>>> print(open('query_31.pdb').read())   # PDB, C-alpha atoms, pLDDT in the B column
ATOM      1  CA  MET V   1      -5.707 173.751 116.197  1.00 41.00           C
ATOM      2  CA  THR V   2      -6.248 170.150 117.081  1.00 41.00           C
ATOM      3  CA  ILE V   3      -6.442 167.191 114.797  1.00 41.00           C
ATOM      4  CA  GLN V   4      -9.402 165.875 116.767  1.00 43.00           C
ATOM      5  CA  ALA V   5     -11.469 169.025 116.502  1.00 41.00           C
ATOM      6  CA  ASP V   6     -14.642 169.167 114.454  1.00 37.00           C
ATOM      7  CA  ARG V   7     -14.728 165.566 113.507  1.00 49.00           C
ATOM      8  CA  GLY V   8     -17.377 162.945 113.847  1.00 40.00           C
ATOM      9  CA  VAL V   9     -19.405 160.602 111.730  1.00 38.00           C
ATOM     10  CA  SER V  10     -20.762 157.142 112.244  1.00 40.00           C
ATOM     11  CA  LEU V  11     -18.277 154.397 111.401  1.00 41.00           C
ATOM     12  CA  GLU V  12     -20.716 152.958 108.923  1.00 44.00           C
ATOM     13  CA  GLY V  13     -20.724 156.291 107.139  1.00 44.00           C
ATOM     14  CA  THR V  14     -24.339 155.835 106.136  1.00 44.00           C
ATOM     15  CA  LYS V  15     -25.946 158.789 107.843  1.00 50.00           C
ATOM     16  CA  LYS V  16     -24.198 161.880 109.142  1.00 53.00           C
ATOM     17  CA  LYS V  17     -25.261 162.878 112.617  1.00 63.00           C
ATOM     18  CA  LYS V  18     -23.971 165.091 115.379  1.00 72.00           C
ATOM     19  CA  ALA V  19     -21.521 162.814 117.113  1.00 77.00           C
ATOM     20  CA  THR V  20     -20.591 163.191 120.747  1.00 84.00           C
ATOM     21  CA  PRO V  21     -16.897 163.226 121.658  1.00 82.00           C
ATOM     22  CA  ASP V  22     -17.381 159.681 122.933  1.00 84.00           C
ATOM     23  CA  ASP V  23     -18.777 158.656 119.551  1.00 85.00           C
ATOM     24  CA  VAL V  24     -15.834 160.257 117.769  1.00 86.00           C
ATOM     25  CA  ALA V  25     -13.335 158.514 120.038  1.00 87.00           C
ATOM     26  CA  ALA V  26     -15.061 155.150 119.664  1.00 89.00           C
ATOM     27  CA  ASN V  27     -15.284 155.445 115.894  1.00 91.00           C
ATOM     28  CA  ASP V  28     -11.660 156.596 115.631  1.00 91.00           C
ATOM     29  CA  SER V  29     -10.603 153.651 117.738  1.00 93.00           C
ATOM     30  CA  ALA V  30     -12.626 151.172 115.663  1.00 95.00           C
ATOM     31  CA  ARG V  31     -11.138 152.530 112.437  1.00 96.00           C
ATOM     32  CA  ARG V  32      -7.629 152.304 113.860  1.00 96.00           C
ATOM     33  CA  LYS V  33      -8.202 148.712 114.976  1.00 96.00           C
ATOM     34  CA  ARG V  34      -9.470 147.743 111.540  1.00 96.00           C
ATOM     35  CA  THR V  35      -6.503 149.487 109.928  1.00 97.00           C
ATOM     36  CA  HIS V  36      -4.104 147.608 112.204  1.00 97.00           C
ATOM     37  CA  ARG V  37      -5.802 144.365 111.215  1.00 96.00           C
ATOM     38  CA  LEU V  38      -5.433 145.150 107.511  1.00 96.00           C
ATOM     39  CA  LEU V  39      -1.776 145.953 108.096  1.00 96.00           C
ATOM     40  CA  GLU V  40      -1.201 142.696 109.953  1.00 96.00           C
ATOM     41  CA  GLN V  41      -2.770 140.838 107.052  1.00 94.00           C
ATOM     42  CA  GLY V  42      -0.505 142.600 104.583  1.00 94.00           C
ATOM     43  CA  ALA V  43      -3.635 143.788 102.852  1.00 94.00           C
ATOM     44  CA  LEU V  44      -2.448 147.329 102.162  1.00 96.00           C
ATOM     45  CA  GLN V  45      -0.330 147.541  99.049  1.00 95.00           C
ATOM     46  CA  THR V  46      -0.579 150.800  97.148  1.00 96.00           C
ATOM     47  CA  GLY V  47       0.689 154.270  97.943  1.00 97.00           C
ATOM     48  CA  ALA V  48      -2.902 155.434  98.267  1.00 97.00           C
ATOM     49  CA  ASP V  49      -3.616 152.628 100.763  1.00 97.00           C
ATOM     50  CA  PHE V  50      -0.708 153.732 102.963  1.00 98.00           C
ATOM     51  CA  HIS V  51      -1.685 157.397 102.661  1.00 97.00           C
ATOM     52  CA  ASP V  52      -5.210 156.612 103.811  1.00 97.00           C
ATOM     53  CA  ALA V  53      -3.936 154.418 106.632  1.00 98.00           C
ATOM     54  CA  ALA V  54      -1.566 157.173 107.813  1.00 98.00           C
ATOM     55  CA  PHE V  55      -4.450 159.630 108.174  1.00 97.00           C
ATOM     56  CA  ILE V  56      -6.551 157.131 110.097  1.00 97.00           C
ATOM     57  CA  VAL V  57      -3.765 156.138 112.503  1.00 97.00           C
ATOM     58  CA  GLN V  58      -2.647 159.722 113.196  1.00 95.00           C
ATOM     59  CA  HIS V  59      -6.017 160.358 114.797  1.00 92.00           C
ATOM     60  CA  GLY V  60      -4.849 158.256 117.712  1.00 92.00           C
ATOM     61  CA  ASP V  61      -3.793 159.768 121.005  1.00 88.00           C
ATOM     62  CA  GLN V  62      -0.536 158.028 121.802  1.00 92.00           C
ATOM     63  CA  PRO V  63       3.007 158.750 120.602  1.00 95.00           C
ATOM     64  CA  GLU V  64       3.047 155.283 119.039  1.00 95.00           C
ATOM     65  CA  ASP V  65       0.041 156.225 116.891  1.00 96.00           C
ATOM     66  CA  TYR V  66       1.871 159.252 115.474  1.00 97.00           C
ATOM     67  CA  LEU V  67       5.045 157.243 114.920  1.00 98.00           C
ATOM     68  CA  LEU V  68       3.204 154.490 113.076  1.00 98.00           C
ATOM     69  CA  ALA V  69       1.311 157.087 111.046  1.00 98.00           C
ATOM     70  CA  HIS V  70       4.676 158.567 110.052  1.00 98.00           C
ATOM     71  CA  VAL V  71       5.993 155.173 108.939  1.00 98.00           C
ATOM     72  CA  LEU V  72       2.823 154.619 106.897  1.00 98.00           C
ATOM     73  CA  ALA V  73       3.167 158.037 105.282  1.00 98.00           C
ATOM     74  CA  MET V  74       6.757 157.253 104.356  1.00 98.00           C
ATOM     75  CA  ALA V  75       5.588 153.994 102.770  1.00 98.00           C
ATOM     76  CA  ALA V  76       3.105 156.030 100.733  1.00 98.00           C
ATOM     77  CA  VAL V  77       5.889 158.375  99.618  1.00 98.00           C
ATOM     78  CA  ALA V  78       8.178 155.436  98.799  1.00 98.00           C
ATOM     79  CA  LYS V  79       5.460 154.073  96.553  1.00 98.00           C
ATOM     80  CA  GLY V  80       5.205 157.369  94.723  1.00 97.00           C
ATOM     81  CA  GLU V  81       2.051 158.751  96.349  1.00 97.00           C
ATOM     82  CA  PRO V  82       2.556 162.547  96.328  1.00 97.00           C
ATOM     83  CA  ARG V  83      -0.110 163.137  98.969  1.00 96.00           C
ATOM     84  CA  GLY V  84       2.087 161.266 101.423  1.00 97.00           C
ATOM     85  CA  ARG V  85       4.613 164.092 101.630  1.00 98.00           C
ATOM     86  CA  TRP V  86       2.805 166.550 103.895  1.00 97.00           C
ATOM     87  CA  ILE V  87       1.382 163.928 106.224  1.00 98.00           C
ATOM     88  CA  ALA V  88       4.870 162.404 106.561  1.00 98.00           C
ATOM     89  CA  ALA V  89       6.147 165.745 107.867  1.00 98.00           C
ATOM     90  CA  ALA V  90       3.097 166.449 110.043  1.00 98.00           C
ATOM     91  CA  THR V  91       3.154 163.054 111.748  1.00 98.00           C
ATOM     92  CA  LEU V  92       6.851 163.386 112.538  1.00 98.00           C
ATOM     93  CA  ASP V  93       6.250 166.819 114.073  1.00 98.00           C
ATOM     94  CA  ARG V  94       3.328 165.532 116.091  1.00 96.00           C
ATOM     95  CA  TYR V  95       5.301 162.539 117.288  1.00 97.00           C
ATOM     96  CA  LEU V  96       8.140 164.803 118.391  1.00 97.00           C
ATOM     97  CA  HIS V  97       5.733 167.070 120.275  1.00 95.00           C
ATOM     98  CA  SER V  98       4.047 164.112 121.923  1.00 94.00           C
ATOM     99  CA  ILE V  99       7.368 162.950 123.392  1.00 95.00           C
ATOM    100  CA  GLY V 100       8.325 166.432 124.533  1.00 93.00           C
ATOM    101  CA  GLN V 101      10.712 167.232 121.702  1.00 96.00           C
ATOM    102  CA  PRO V 102      10.687 170.242 119.345  1.00 98.00           C
ATOM    103  CA  GLN V 103       8.937 169.875 116.018  1.00 98.00           C
ATOM    104  CA  VAL V 104      11.193 170.375 113.001  1.00 98.00           C
ATOM    105  CA  PHE V 105       8.948 171.131 110.007  1.00 98.00           C
ATOM    106  CA  GLY V 106       6.556 173.567 111.682  1.00 98.00           C
ATOM    107  CA  THR V 107       3.309 171.828 110.785  1.00 98.00           C
ATOM    108  CA  GLN V 108       1.896 171.949 114.320  1.00 97.00           C
ATOM    109  CA  TYR V 109       0.061 175.001 115.625  1.00 96.00           C
ATOM    110  CA  LEU V 110      -1.082 174.153 119.126  1.00 93.00           C
ATOM    111  CA  THR V 111      -2.140 175.959 122.260  1.00 91.00           C
ATOM    112  CA  ARG V 112       0.089 175.472 125.260  1.00 87.00           C
ATOM    113  CA  GLY V 113      -2.772 173.692 126.945  1.00 87.00           C
ATOM    114  CA  TYR V 114      -3.185 171.226 124.129  1.00 84.00           C
ATOM    115  CA  LEU V 115       0.544 170.613 123.935  1.00 84.00           C
ATOM    116  CA  GLU V 116       0.636 169.771 127.636  1.00 84.00           C
ATOM    117  CA  PHE V 117      -2.369 167.572 127.102  1.00 80.00           C
ATOM    118  CA  LEU V 118      -0.708 165.834 124.167  1.00 78.00           C
ATOM    119  CA  GLN V 119       2.388 165.114 126.206  1.00 79.00           C
ATOM    120  CA  ASP V 120       0.649 163.777 129.269  1.00 76.00           C
ATOM    121  CA  THR V 121      -0.896 160.565 128.094  1.00 64.00           C
ATOM    122  CA  ARG V 122      -1.752 159.350 131.568  1.00 45.00           C
ATOM    123  CA  ALA V 123      -3.653 162.545 132.344  1.00 54.00           C
ATOM    124  CA  LYS V 124      -5.279 162.316 128.944  1.00 58.00           C
ATOM    125  CA  GLN V 125      -6.523 158.790 129.556  1.00 56.00           C
ATOM    126  CA  ALA V 126      -7.960 159.817 132.935  1.00 49.00           C
ATOM    127  CA  ALA V 127      -9.545 162.945 131.465  1.00 57.00           C
ATOM    128  CA  THR V 128     -11.142 160.966 128.651  1.00 55.00           C
ATOM    129  CA  LYS V 129     -12.777 158.680 131.186  1.00 53.00           C
ATOM    130  CA  GLU V 130     -14.048 161.478 133.358  1.00 56.00           C
ATOM    131  CA  ASN V 131     -14.915 164.063 130.726  1.00 55.00           C
ATOM    132  CA  PRO V 132     -15.760 163.439 127.093  1.00 49.00           C
ATOM    133  CA  ASP V 133     -14.640 167.001 126.268  1.00 50.00           C
ATOM    134  CA  ALA V 134     -11.115 165.755 126.710  1.00 45.00           C
ATOM    135  CA  GLN V 135     -11.281 164.237 123.246  1.00 43.00           C
ATOM    136  CA  ALA V 136     -11.721 167.704 121.813  1.00 43.00           C
ATOM    137  CA  GLY V 137      -8.519 168.711 123.500  1.00 45.00           C
ATOM    138  CA  LYS V 138      -9.608 170.200 126.823  1.00 47.00           C
ATOM    139  CA  PRO V 139      -9.064 168.247 129.985  1.00 47.00           C
ATOM    140  CA  GLN V 140     -11.594 168.759 132.739  1.00 48.00           C
ATOM    141  CA  ALA V 141      -9.021 170.586 134.856  1.00 47.00           C
ATOM    142  CA  VAL V 142      -9.390 173.716 132.739  1.00 48.00           C
ATOM    143  CA  ALA V 143     -13.167 173.596 132.434  1.00 53.00           C
ATOM    144  CA  GLY V 144     -13.863 174.889 135.932  1.00 57.00           C
ATOM    145  CA  ALA V 145     -14.041 178.497 137.069  1.00 54.00           C
ATOM    146  CA  ALA V 146     -11.028 177.955 139.277  1.00 54.00           C
ATOM    147  CA  ALA V 147      -8.967 177.420 136.147  1.00 61.00           C
ATOM    148  CA  ASP V 148      -9.534 180.884 134.676  1.00 60.00           C
ATOM    149  CA  GLN V 149      -5.855 181.631 134.636  1.00 58.00           C
ATOM    150  CA  ASP V 150      -5.097 178.296 133.082  1.00 71.00           C
ATOM    151  CA  ALA V 151      -7.744 178.954 130.455  1.00 70.00           C
ATOM    152  CA  LYS V 152      -5.439 181.530 128.869  1.00 73.00           C
ATOM    153  CA  LYS V 153      -3.219 178.749 127.729  1.00 81.00           C
ATOM    154  CA  TRP V 154      -5.993 177.584 125.432  1.00 87.00           C
ATOM    155  CA  ASP V 155      -6.282 180.924 123.657  1.00 87.00           C
ATOM    156  CA  GLU V 156      -2.947 181.478 121.986  1.00 92.00           C
ATOM    157  CA  TYR V 157      -1.566 179.222 119.290  1.00 94.00           C
ATOM    158  CA  LEU V 158       2.144 178.456 119.292  1.00 95.00           C
ATOM    159  CA  GLN V 159       4.559 176.423 117.244  1.00 97.00           C
ATOM    160  CA  GLU V 160       6.996 175.935 120.117  1.00 95.00           C
ATOM    161  CA  PRO V 161       8.833 173.877 120.923  1.00 96.00           C
ATOM    162  CA  TYR V 162      10.215 174.251 117.414  1.00 98.00           C
ATOM    163  CA  GLU V 163      13.748 173.604 116.135  1.00 98.00           C
ATOM    164  CA  SER V 164      13.190 175.656 113.006  1.00 97.00           C
ATOM    165  CA  SER V 165      16.806 175.786 111.826  1.00 97.00           C
ATOM    166  CA  LEU V 166      17.318 172.067 111.290  1.00 98.00           C
ATOM    167  CA  ILE V 167      15.360 171.984 108.030  1.00 97.00           C
ATOM    168  CA  SER V 168      15.640 174.574 105.280  1.00 98.00           C
ATOM    169  CA  ASP V 169      12.601 176.058 103.572  1.00 98.00           C
ATOM    170  CA  ALA V 170      13.730 174.368 100.355  1.00 97.00           C
ATOM    171  CA  LEU V 171      13.594 171.012 102.104  1.00 98.00           C
ATOM    172  CA  ARG V 172      10.243 171.876 103.707  1.00 98.00           C
ATOM    173  CA  ALA V 173       8.898 172.520 100.220  1.00 97.00           C
ATOM    174  CA  GLN V 174       9.857 168.979  99.214  1.00 97.00           C
ATOM    175  CA  TYR V 175       7.317 167.876 101.808  1.00 98.00           C
ATOM    176  CA  CYS V 176       4.731 170.473 100.756  1.00 97.00           C
ATOM    177  CA  VAL V 177       5.248 172.331 104.039  1.00 98.00           C
ATOM    178  CA  PRO V 178       5.159 176.151 103.820  1.00 97.00           C
ATOM    179  CA  GLY V 179       8.326 178.088 104.586  1.00 97.00           C
ATOM    180  CA  ARG V 180       8.993 179.919 107.848  1.00 97.00           C
ATOM    181  CA  SER V 181       7.674 183.290 106.721  1.00 95.00           C
ATOM    182  CA  ASP V 182       4.417 181.720 105.562  1.00 95.00           C
ATOM    183  CA  GLN V 183       4.206 179.821 108.824  1.00 97.00           C
ATOM    184  CA  LYS V 184       4.571 183.068 110.767  1.00 96.00           C
ATOM    185  CA  GLU V 185       1.725 184.586 108.770  1.00 95.00           C
ATOM    186  CA  ARG V 186      -0.397 181.528 109.422  1.00 95.00           C
ATOM    187  CA  LEU V 187       0.373 181.694 113.134  1.00 96.00           C
ATOM    188  CA  ALA V 188      -0.570 185.379 113.295  1.00 95.00           C
ATOM    189  CA  GLU V 189      -3.784 184.603 111.455  1.00 94.00           C
ATOM    190  CA  LEU V 190      -4.669 181.854 113.930  1.00 94.00           C
ATOM    191  CA  ASN V 191      -4.126 184.328 116.750  1.00 94.00           C
ATOM    192  CA  GLY V 192      -6.538 186.856 115.306  1.00 91.00           C
ATOM    193  CA  GLY V 193      -4.344 188.591 112.768  1.00 84.00           C
ATOM    194  CA  LYS V 194      -5.296 189.589 109.258  1.00 85.00           C
ATOM    195  CA  PRO V 195      -5.859 186.599 106.950  1.00 87.00           C
ATOM    196  CA  SER V 196      -3.272 186.316 104.212  1.00 83.00           C
ATOM    197  CA  PRO V 197      -3.551 184.231 101.053  1.00 84.00           C
ATOM    198  CA  ARG V 198      -1.736 180.914 101.013  1.00 84.00           C
ATOM    199  CA  LYS V 199       1.261 180.869  98.707  1.00 86.00           C
ATOM    200  CA  PRO V 200       1.283 177.809  96.457  1.00 91.00           C
ATOM    201  CA  ILE V 201       4.207 175.423  96.814  1.00 94.00           C
ATOM    202  CA  PRO V 202       5.502 174.201  93.446  1.00 92.00           C
ATOM    203  CA  GLY V 203       4.623 170.572  92.813  1.00 92.00           C
ATOM    204  CA  CYS V 204       2.214 170.425  95.711  1.00 94.00           C
ATOM    205  CA  SER V 205      -1.192 170.767  94.142  1.00 82.00           C
ATOM    206  CA  LYS V 206      -2.142 167.277  95.397  1.00 58.00           C
TER     207      LYS V 206
ATOM    208  CA  MET C 207      -4.667 159.214  60.341  1.00 55.00           C
ATOM    209  CA  GLY C 208      -4.574 161.703  63.211  1.00 69.00           C
ATOM    210  CA  ARG C 209      -8.271 161.188  63.903  1.00 71.00           C
ATOM    211  CA  ARG C 210      -7.813 157.433  63.862  1.00 73.00           C
ATOM    212  CA  SER C 211      -4.941 157.471  66.307  1.00 76.00           C
ATOM    213  CA  PHE C 212      -6.887 159.792  68.580  1.00 71.00           C
ATOM    214  CA  ALA C 213      -9.795 157.336  68.527  1.00 76.00           C
ATOM    215  CA  VAL C 214      -7.479 154.427  69.313  1.00 72.00           C
ATOM    216  CA  SER C 215      -5.861 156.369  72.160  1.00 76.00           C
ATOM    217  CA  LEU C 216      -9.246 157.301  73.555  1.00 72.00           C
ATOM    218  CA  ALA C 217     -10.453 153.719  73.360  1.00 73.00           C
ATOM    219  CA  LEU C 218      -7.320 152.488  75.127  1.00 69.00           C
ATOM    220  CA  ALA C 219      -7.663 155.133  77.830  1.00 72.00           C
ATOM    221  CA  LEU C 220     -11.293 154.192  78.443  1.00 70.00           C
ATOM    222  CA  LEU C 221     -10.394 150.518  78.510  1.00 65.00           C
ATOM    223  CA  LEU C 222      -7.614 151.151  81.001  1.00 62.00           C
ATOM    224  CA  ALA C 223      -9.779 153.342  83.221  1.00 64.00           C
ATOM    225  CA  ASN C 224     -12.549 150.766  83.165  1.00 60.00           C
ATOM    226  CA  GLY C 225     -10.144 147.962  83.958  1.00 56.00           C
ATOM    227  CA  MET C 226      -8.626 149.883  86.870  1.00 55.00           C
ATOM    228  CA  ALA C 227     -12.047 150.646  88.285  1.00 53.00           C
ATOM    229  CA  GLN C 228     -13.076 147.023  88.066  1.00 52.00           C
ATOM    230  CA  THR C 229      -9.871 145.601  89.505  1.00 59.00           C
ATOM    231  CA  ALA C 230      -9.378 147.989  92.465  1.00 63.00           C
ATOM    232  CA  PRO C 231      -8.616 145.578  95.302  1.00 77.00           C
ATOM    233  CA  ALA C 232     -11.303 145.164  97.930  1.00 84.00           C
ATOM    234  CA  ASN C 233      -8.796 146.125 100.624  1.00 83.00           C
ATOM    235  CA  SER C 234      -8.040 149.414  98.884  1.00 89.00           C
ATOM    236  CA  LYS C 235     -11.731 150.179  98.776  1.00 92.00           C
ATOM    237  CA  GLU C 236     -12.119 149.364 102.463  1.00 94.00           C
ATOM    238  CA  ILE C 237      -9.184 151.450 103.682  1.00 96.00           C
ATOM    239  CA  HIS C 238     -10.313 154.316 101.484  1.00 95.00           C
ATOM    240  CA  GLN C 239     -13.818 154.166 102.936  1.00 94.00           C
ATOM    241  CA  LEU C 240     -12.341 154.172 106.444  1.00 95.00           C
ATOM    242  CA  TYR C 241     -10.296 157.214 105.422  1.00 95.00           C
ATOM    243  CA  LEU C 242     -13.341 159.016 104.050  1.00 94.00           C
ATOM    244  CA  ASP C 243     -15.280 158.300 107.246  1.00 91.00           C
ATOM    245  CA  ASP C 244     -12.287 159.433 109.319  1.00 87.00           C
ATOM    246  CA  SER C 245     -12.007 162.708 107.425  1.00 80.00           C
ATOM    247  CA  SER C 246     -15.684 163.597 107.721  1.00 76.00           C
TER     248      SER C 246
END
>>> encode(input="query_31.pdb", output="structure tokens")
Amino acid sequence: MTIQADRGVSLEGTKKKKATPDDVAANDSARRKRTHRLLEQGALQTGADFHDAAFIVQHGDQPEDYLLAHVLAMAAVAKGEPRGRWIAAATLDRYLHSIGQPQVFGTQYLTRGYLEFLQDTRAKQAATKENPDAQAGKPQAVAGAAADQDAKKWDEYLQEPYESSLISDALRAQYCVPGRSDQKERLAELNGGKPSPRKPIPGCSK
Amino acid sequence: MGRRSFAVSLALALLLANGMAQTAPANSKEIHQLYLDDSS
């Protein structure tokens, strides 16, 4: 599962069209730049503002984007925005993965290929230039027939690296993150297992 | 009495909701629109 997958709309938001990966990347980048500008101006004030900004910034492709998104999510939480809880956990996990460290909440379900891609920003930048598909999470190196063996790494979803014992399920729930057993069910489902109903987390309807 | 206080409460709630809608800062509207576009 990639954050970038299945996204794309014109920045103006006036007419939905089938966006190319280049369009998606350009629009994401323009939104991030505008968000940075609003932040520099001190224009964002409410918990909802910071929540929205966190979602926009986390669609970046650099560790710094995920770290900033995490800080924004924490600002949303500090201002009492309940929707900030999950994105605060998810952006921390993504930041940790992007710098080669284990996630701690278990919000990230990634293929090994995407994880490698996430961690190699230089390769990612080169791949984006050479192949627009890279924005959807597949560098050109695995698109060729010669990469059949490598292609397997795009099939199976994993949570590793994952330091699952650092945070208790009770603490995960404070961030609206499902517990370990629910995560295992979700992982099995992503890998073709039987779908199981999501268990509600108390206080996390928003 | 109960009906009157309900009417007053309703009027206050409508007034508050209307006031909030009218005074939502322009920057909040812009970042929210960026968010909606980003999520699409």
>>> atom_distance(input="query_31.pdb", atom1="CA of Gly84 in chain V", atom2="CA of Ser164 in chain V")
21.6 Å
>>> closest_residue(input="query_31.pdb", among="V:Ala89, V:Ser205, V:His36, V:Glu156", to="Gly193 in chain V", atoms="only C-alpha atoms")
V:Glu156
>>> interface_residues(input="query_31.pdb", of="chain C", to="chain V", cutoff="8 Å", atoms="all atoms listed in the file", output="list in words")
Asn233, Ser234, Ile237, His238, Leu240, Tyr241, Asp243, Asp244, Ser245 and Ser246 of chain C
>>> resolve_selection(input="query_31.pdb", expression="the PyMOL selection byres ((chain V and resi 61-70) around 7)", output="number ranges by chain")
V: 54-55, 57-60, 71-74, 88, 91-92, 94-95, 98-99, 121
>>> residues_near_point(input="query_31.pdb", point="(-2.4, 181.7, 112.6)", cutoff="12 Å", atoms="all atoms listed in the file", output="ChimeraX atom specification")
/V:1,107-111,155-159,181-198
>>> atom_distance(input="query_31.pdb", atom1="CA of Phe117 in chain V", atom2="CA of Asp150 in chain V")
12.6 Å
>>> atom_distance(input="query_31.pdb", atom1="CA of Ala76 in chain V", atom2="CA of Val177 in chain V")
16.8 Å
